[in-house]
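Structure file my_file_18.pdb (PDB, C-alpha atoms) is printed below.
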ATOM      1  CA  MET U 971     -26.293 -18.194  -5.857
ATOM      2  CA  GLN U 972     -23.741 -16.345  -7.967
ATOM      3  CA  LYS U 973     -22.563 -18.424 -10.954
ATOM      4  CA  ILE U 974     -18.928 -17.262 -10.922
ATOM      5  CA  VAL U 975     -17.228 -16.843  -7.553
ATOM      6  CA  THR U 976     -13.750 -15.425  -6.938
ATOM      7  CA  ASN U 977     -11.622 -18.006  -5.133
ATOM      8  CA  LEU U 978      -8.742 -16.809  -2.950
ATOM      9  CA  TRP U 979      -6.012 -19.344  -2.090
ATOM     10  CA  PHE U 980      -4.542 -19.056   1.392
ATOM     11  CA  ASP U 981      -1.886 -20.855   3.383
ATOM     12  CA  GLY U 982      -3.419 -20.569   6.857
ATOM     13  CA  ARG U 983      -4.733 -17.426   8.590
ATOM     14  CA  VAL U 984      -8.144 -17.973   6.974
ATOM     15  CA  GLU U 985     -10.133 -16.993  10.063
ATOM     16  CA  GLU U 986      -8.079 -13.804  10.423
ATOM     17  CA  ALA U 987      -8.688 -12.942   6.753
ATOM     18  CA  LEU U 988     -12.422 -13.554   7.087
ATOM     19  CA  GLU U 989     -12.516 -11.272  10.116
ATOM     20  CA  LEU U 990     -10.698  -8.467   8.280
ATOM     21  CA  TYR U 991     -12.684  -8.695   5.060
ATOM     22  CA  THR U 992     -16.096  -8.897   6.700
ATOM     23  CA  SER U 993     -15.213  -5.978   8.986
ATOM     24  CA  CYS U 994     -14.666  -3.711   5.961
ATOM     25  CA  PHE U 995     -18.204  -3.819   4.561
ATOM     26  CA  ALA U 996     -21.455  -3.274   6.464
ATOM     27  CA  ASP U 997     -23.352  -5.954   4.583
ATOM     28  CA  ALA U 998     -20.598  -8.610   4.724
ATOM     29  CA  ARG U 999     -21.221 -12.092   6.026
ATOM     30  CA  VAL U1000     -19.672 -15.561   6.136
ATOM     31  CA  THR U1001     -22.130 -17.952   4.502
ATOM     32  CA  ARG U1002     -20.449 -21.357   4.856
ATOM     33  CA  ILE U1003     -17.407 -22.958   6.426
ATOM     34  CA  THR U1004     -16.087 -26.445   5.727
ATOM     35  CA  ARG U1005     -13.392 -28.039   7.854
ATOM     36  CA  TYR U1006     -10.700 -30.593   7.206
ATOM     37  CA  ALA U1007     -11.438 -34.173   8.256
ATOM     38  CA  GLU U1008      -8.951 -37.041   8.723
ATOM     39  CA  ALA U1009      -8.676 -37.631   4.969
ATOM     40  CA  GLY U1010      -7.961 -33.955   4.209
ATOM     41  CA  MET U1011      -4.724 -32.185   3.362
ATOM     42  CA  GLY U1012      -4.926 -29.921   6.422
ATOM     43  CA  ALA U1013      -5.111 -30.409  10.161
ATOM     44  CA  VAL U1014      -8.373 -31.932  11.366
ATOM     45  CA  GLY U1015     -10.799 -29.172  12.306
ATOM     46  CA  ASP U1016      -8.979 -26.369  10.470
ATOM     47  CA  ILE U1017     -11.003 -24.436   7.932
ATOM     48  CA  MET U1018     -10.740 -26.021   4.490
ATOM     49  CA  THR U1019     -12.975 -23.530   2.659
ATOM     50  CA  ALA U1020     -15.089 -20.560   3.612
ATOM     51  CA  ASP U1021     -17.702 -18.801   1.520
ATOM     52  CA  PHE U1022     -18.402 -15.156   2.256
ATOM     53  CA  ALA U1023     -20.050 -12.119   0.685
ATOM     54  CA  LEU U1024     -18.834  -8.522   0.507
ATOM     55  CA  ALA U1025     -21.160  -5.842  -0.854
ATOM     56  CA  GLY U1026     -23.258  -8.457  -2.625
ATOM     57  CA  GLN U1027     -20.260 -10.188  -4.236
ATOM     58  CA  GLU U1028     -19.571 -13.823  -3.307
ATOM     59  CA  PHE U1029     -16.063 -15.096  -2.587
ATOM     60  CA  ARG U1030     -14.474 -18.332  -1.451
ATOM     61  CA  ILE U1031     -11.280 -18.852   0.507
ATOM     62  CA  ILE U1032      -9.514 -22.167   0.284
ATOM     63  CA  ASN U1033      -6.945 -22.994   2.927
ATOM     64  CA  GLY U1034      -4.833 -24.967   0.468
ATOM     65  CA  GLY U1035      -1.285 -24.660   1.726
ATOM     66  CA  PRO U1036       1.887 -23.023   0.418
ATOM     67  CA  HIS U1037       1.577 -24.127  -3.229
ATOM     68  CA  PHE U1038       0.300 -20.783  -4.584
ATOM     69  CA  THR U1039       0.678 -17.150  -3.547
ATOM     70  CA  HIS U1040      -1.258 -13.991  -4.302
ATOM     71  CA  SER U1041      -0.188 -11.644  -7.074
ATOM     72  CA  PRO U1042      -1.101  -8.077  -8.078
ATOM     73  CA  ALA U1043      -2.070  -9.595 -11.441
ATOM     74  CA  MET U1044      -5.426 -10.301  -9.749
ATOM     75  CA  SER U1045      -6.900  -7.624  -7.531
ATOM     76  CA  LEU U1046     -10.226  -6.805  -5.934
ATOM     77  CA  ALA U1047     -11.430  -3.392  -7.101
ATOM     78  CA  VAL U1048     -13.772  -1.480  -4.800
ATOM     79  CA  ASN U1049     -15.760   1.402  -6.295
ATOM     80  CA  CYS U1050     -15.987   3.959  -3.495
ATOM     81  CA  VAL U1051     -18.711   6.596  -3.385
ATOM     82  CA  ASP U1052     -16.748   9.189  -1.409
ATOM     83  CA  LEU U1053     -13.503  10.066   0.315
ATOM     84  CA  ASP U1054     -14.714   8.696   3.662
ATOM     85  CA  GLU U1055     -15.121   5.251   2.122
ATOM     86  CA  VAL U1056     -11.715   5.471   0.414
ATOM     87  CA  ASP U1057     -10.067   6.515   3.691
ATOM     88  CA  ARG U1058     -11.832   3.871   5.798
ATOM     89  CA  LEU U1059     -11.025   0.964   3.472
ATOM     90  CA  TRP U1060      -7.472   2.162   2.858
ATOM     91  CA  GLU U1061      -6.770   2.370   6.584
ATOM     92  CA  ARG U1062      -8.401  -0.960   7.376
ATOM     93  CA  LEU U1063      -6.772  -2.936   4.560
ATOM     94  CA  THR U1064      -3.255  -1.519   5.002
ATOM     95  CA  SER U1065      -3.282  -1.976   8.791
ATOM     96  CA  ASP U1066      -1.198  -4.610  10.534
ATOM     97  CA  GLY U1067       1.229  -5.305   7.718
ATOM     98  CA  GLY U1068      -0.561  -4.209   4.554
ATOM     99  CA  ALA U1069       1.305  -2.044   2.048
ATOM    100  CA  GLU U1070       0.394   0.966  -0.060
ATOM    101  CA  SER U1071       1.081   0.936  -3.758
ATOM    102  CA  GLN U1072       0.574   3.356  -6.624
ATOM    103  CA  CYS U1073      -2.679   4.575  -8.223
ATOM    104  CA  GLY U1074      -5.096   3.388  -5.543
ATOM    105  CA  TRP U1075      -3.658  -0.112  -5.227
ATOM    106  CA  LEU U1076      -2.695  -1.731  -1.953
ATOM    107  CA  THR U1077      -1.799  -5.157  -0.666
ATOM    108  CA  ASP U1078      -3.391  -6.338   2.562
ATOM    109  CA  ARG U1079      -1.439  -8.218   5.232
ATOM    110  CA  PHE U1080      -2.284 -11.530   3.529
ATOM    111  CA  GLY U1081      -0.869 -10.458   0.171
ATOM    112  CA  VAL U1082      -4.230  -9.906  -1.552
ATOM    113  CA  SER U1083      -4.186  -6.893  -3.898
ATOM    114  CA  TRP U1084      -7.012  -4.345  -3.783
ATOM    115  CA  GLN U1085      -7.826  -1.262  -5.812
ATOM    116  CA  ILE U1086      -9.624   1.361  -3.719
ATOM    117  CA  VAL U1087     -11.048   3.632  -6.382
ATOM    118  CA  PRO U1088     -13.432   6.580  -6.108
ATOM    119  CA  VAL U1089     -16.274   6.272  -8.632
ATOM    120  CA  ARG U1090     -15.543   9.865  -9.597
ATOM    121  CA  LEU U1091     -12.182   8.836 -11.093
ATOM    122  CA  GLY U1092     -13.910   6.830 -13.815
ATOM    123  CA  GLU U1093     -16.158   9.764 -14.595
ATOM    124  CA  LEU U1094     -13.193  12.136 -14.889
ATOM    125  CA  LEU U1095     -11.243   9.732 -17.104
ATOM    126  CA  ALA U1096     -14.266   9.252 -19.400
ATOM    127  CA  SER U1097     -14.409  12.960 -20.207
ATOM    128  CA  ASP U1098     -14.317  14.173 -23.805
ATOM    129  CA  ASP U1099     -11.796  16.814 -22.686
ATOM    130  CA  ALA U1100      -8.490  15.134 -23.623
ATOM    131  CA  ALA U1101      -6.376  17.751 -21.852
ATOM    132  CA  ALA U1102      -8.337  17.281 -18.618
ATOM    133  CA  VAL U1103      -7.977  13.500 -18.857
ATOM    134  CA  GLU U1104      -4.237  13.946 -19.357
ATOM    135  CA  ARG U1105      -3.993  16.122 -16.226
ATOM    136  CA  VAL U1106      -6.056  13.663 -14.143
ATOM    137  CA  THR U1107      -3.891  10.783 -15.347
ATOM    138  CA  ALA U1108      -0.706  12.668 -14.468
ATOM    139  CA  ALA U1109      -2.069  13.427 -10.987
ATOM    140  CA  LEU U1110      -3.230   9.838 -10.519
ATOM    141  CA  LEU U1111       0.225   8.481 -11.301
ATOM    142  CA  GLN U1112       1.688  10.546  -8.439
ATOM    143  CA  MET U1113      -0.699   9.137  -5.810
ATOM    144  CA  ASN U1114      -0.830   6.062  -3.660
ATOM    145  CA  LYS U1115      -4.220   6.492  -1.967
ATOM    146  CA  LEU U1116      -6.420   8.385  -4.395
ATOM    147  CA  ASP U1117      -7.404  11.912  -3.421
ATOM    148  CA  ILE U1118     -10.716  12.880  -5.019
ATOM    149  CA  ALA U1119     -10.226  16.608  -4.380
ATOM    150  CA  ALA U1120      -6.780  16.604  -5.990
ATOM    151  CA  LEU U1121      -8.092  14.653  -8.984
ATOM    152  CA  GLU U1122     -10.938  17.156  -9.378
ATOM    153  CA  GLN U1123      -8.453  20.004  -9.100
ATOM    154  CA  ALA U1124      -6.293  18.460 -11.827
ATOM    155  CA  TYR U1125      -9.371  18.040 -14.003
ATOM    156  CA  ARG U1126     -10.293  21.728 -13.614
ATOM    157  CA  ASN U1127      -6.629  22.732 -14.051
ATOM    158  CA  ASP U1128      -6.672  24.704 -10.784
TER     159      ASP U1128
END

Would it be possible to restate this file's structure as structure tokens?
Amino acid sequence: MQKIVTNLWFDGRVEEALELYTSCFADARVTRITRYAEAGMGAVGDIMTADFALAGQEFRIINGGPHFTHSPAMSLAVNCVDLDEVDRLWERLTSDGGAESQCGWLTDRFGVSWQIVPVRLGELLASDDAAAVERVTAALLQMNKLDIAALEQAYRND
């Protein structure tokens, strides 16, 4: 059991969110569901909480009502190994009402913010070549979905 678990507050649509999130990662799974009883704040039988894992990371969704909403101040960052993974996750998470944002950020149809980031970006930005880092940063700021080839090109100054 993971000691610290990210908790995502939802106002309904919990089953739909679980379906989307677990469809994005091959090793994803729902590990526990609790449902509202008569004494609960939700309708009897509706999901109250759900625990799930994505890529080895544990999460919890609470179906807590309209009291709180998601904010880009908290996002889920996914380190992607290649462009195929970036493209697949970007498409899946922006589908059906999600929205693109700048620098690899997006908001899914439930309002949860994600950062879909190629691992290579961190390597490029950690370079000792200040001019190359400046070029990569300038290129990055012009992108929504991150393009590894274009970032590499900026790094090389092609």

- Task: Measuring atom to atom with only C-alpha atoms, identify which of U:Glu1061, U:Arg1105, U:Thr1004, U:Tyr1125 is nearest to Arg1090 (chain U).
- Result: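 Result for the nearest residue to Arg1090 (chain U): U:Tyr1125.
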
- 7 Å contact set for region 1018-1033 of chain U, only C-alpha atoms, chain neighbours under 3 positions out, as number ranges by chain: U: 972, 975-982, 984, 992, 995, 997-1006

- Leu1053 (chain U) surroundings by all atoms listed in the file, 10 Å radius, close-in-sequence under 6 positions cut, as a ChimeraX atom specification: /U:1059,1087-1088,1116-1119

- Item | Resolved residues for the PyMOL selection byres ((chain U and resi 1039) around 8) as JSON, numbers by chain | {"U": [979, 980, 1036, 1037, 1038, 1040, 1041, 1081]}

- Message: I'd like the interatomic distance between CA of Gly1034 (chain U) and CA of Gly1010 (chain U), to a tenth of an Å.
- Response: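 Between these atoms lies a distance of 10.2 Å.
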
- One-decimal distance in Å that lies between CA of Asp1078 (chain U) and CA of Leu1063 (chain U):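 Taking CA of Leu1063 (chain U) as the start and CA of Asp1078 (chain U) as the end point, the length is 5.2 Å.
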
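The space between CA of Val1056 (chain U) and CA of Asn1127 (chain U) spans 23.1 Å.
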
Edge lengths and centre in Å to one decimal, as JSON, of the axis-aligned box that encloses all listed atoms of region 981-990 of chain U with 8 Å added on every side?
{"center_x": -7.2, "center_y": -14.7, "center_z": 6.9, "size_x": 26.6, "size_y": 28.4, "size_z": 23.0}

- Item | Nearest to Trp1060 (chain U) by atom-to-atom distance, counting all atoms listed in the file, from U:Ala1102, U:Ala1047, U:Ile1086, U:Ala1120 |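 The shortest atom-to-atom distance to Trp1060 (chain U) comes from U:Ile1086.
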
- Query: What's the 10 Å shell around Leu1110 (chain U), counting all atoms listed in the file, without same-chain residues fewer than 3 positions away, as a PyMOL selection string?
  - Reply: chain U and resi 1072-1074+1091+1104-1107+1113-1118+1120-1121+1124

- Message: Given all atoms listed in the file as the basis, pick out the residue of U:Val1103, U:Asp1066, U:Gly1035, U:Ser1045 nearest to Met1011 (chain U).
- Response: U:Gly1035
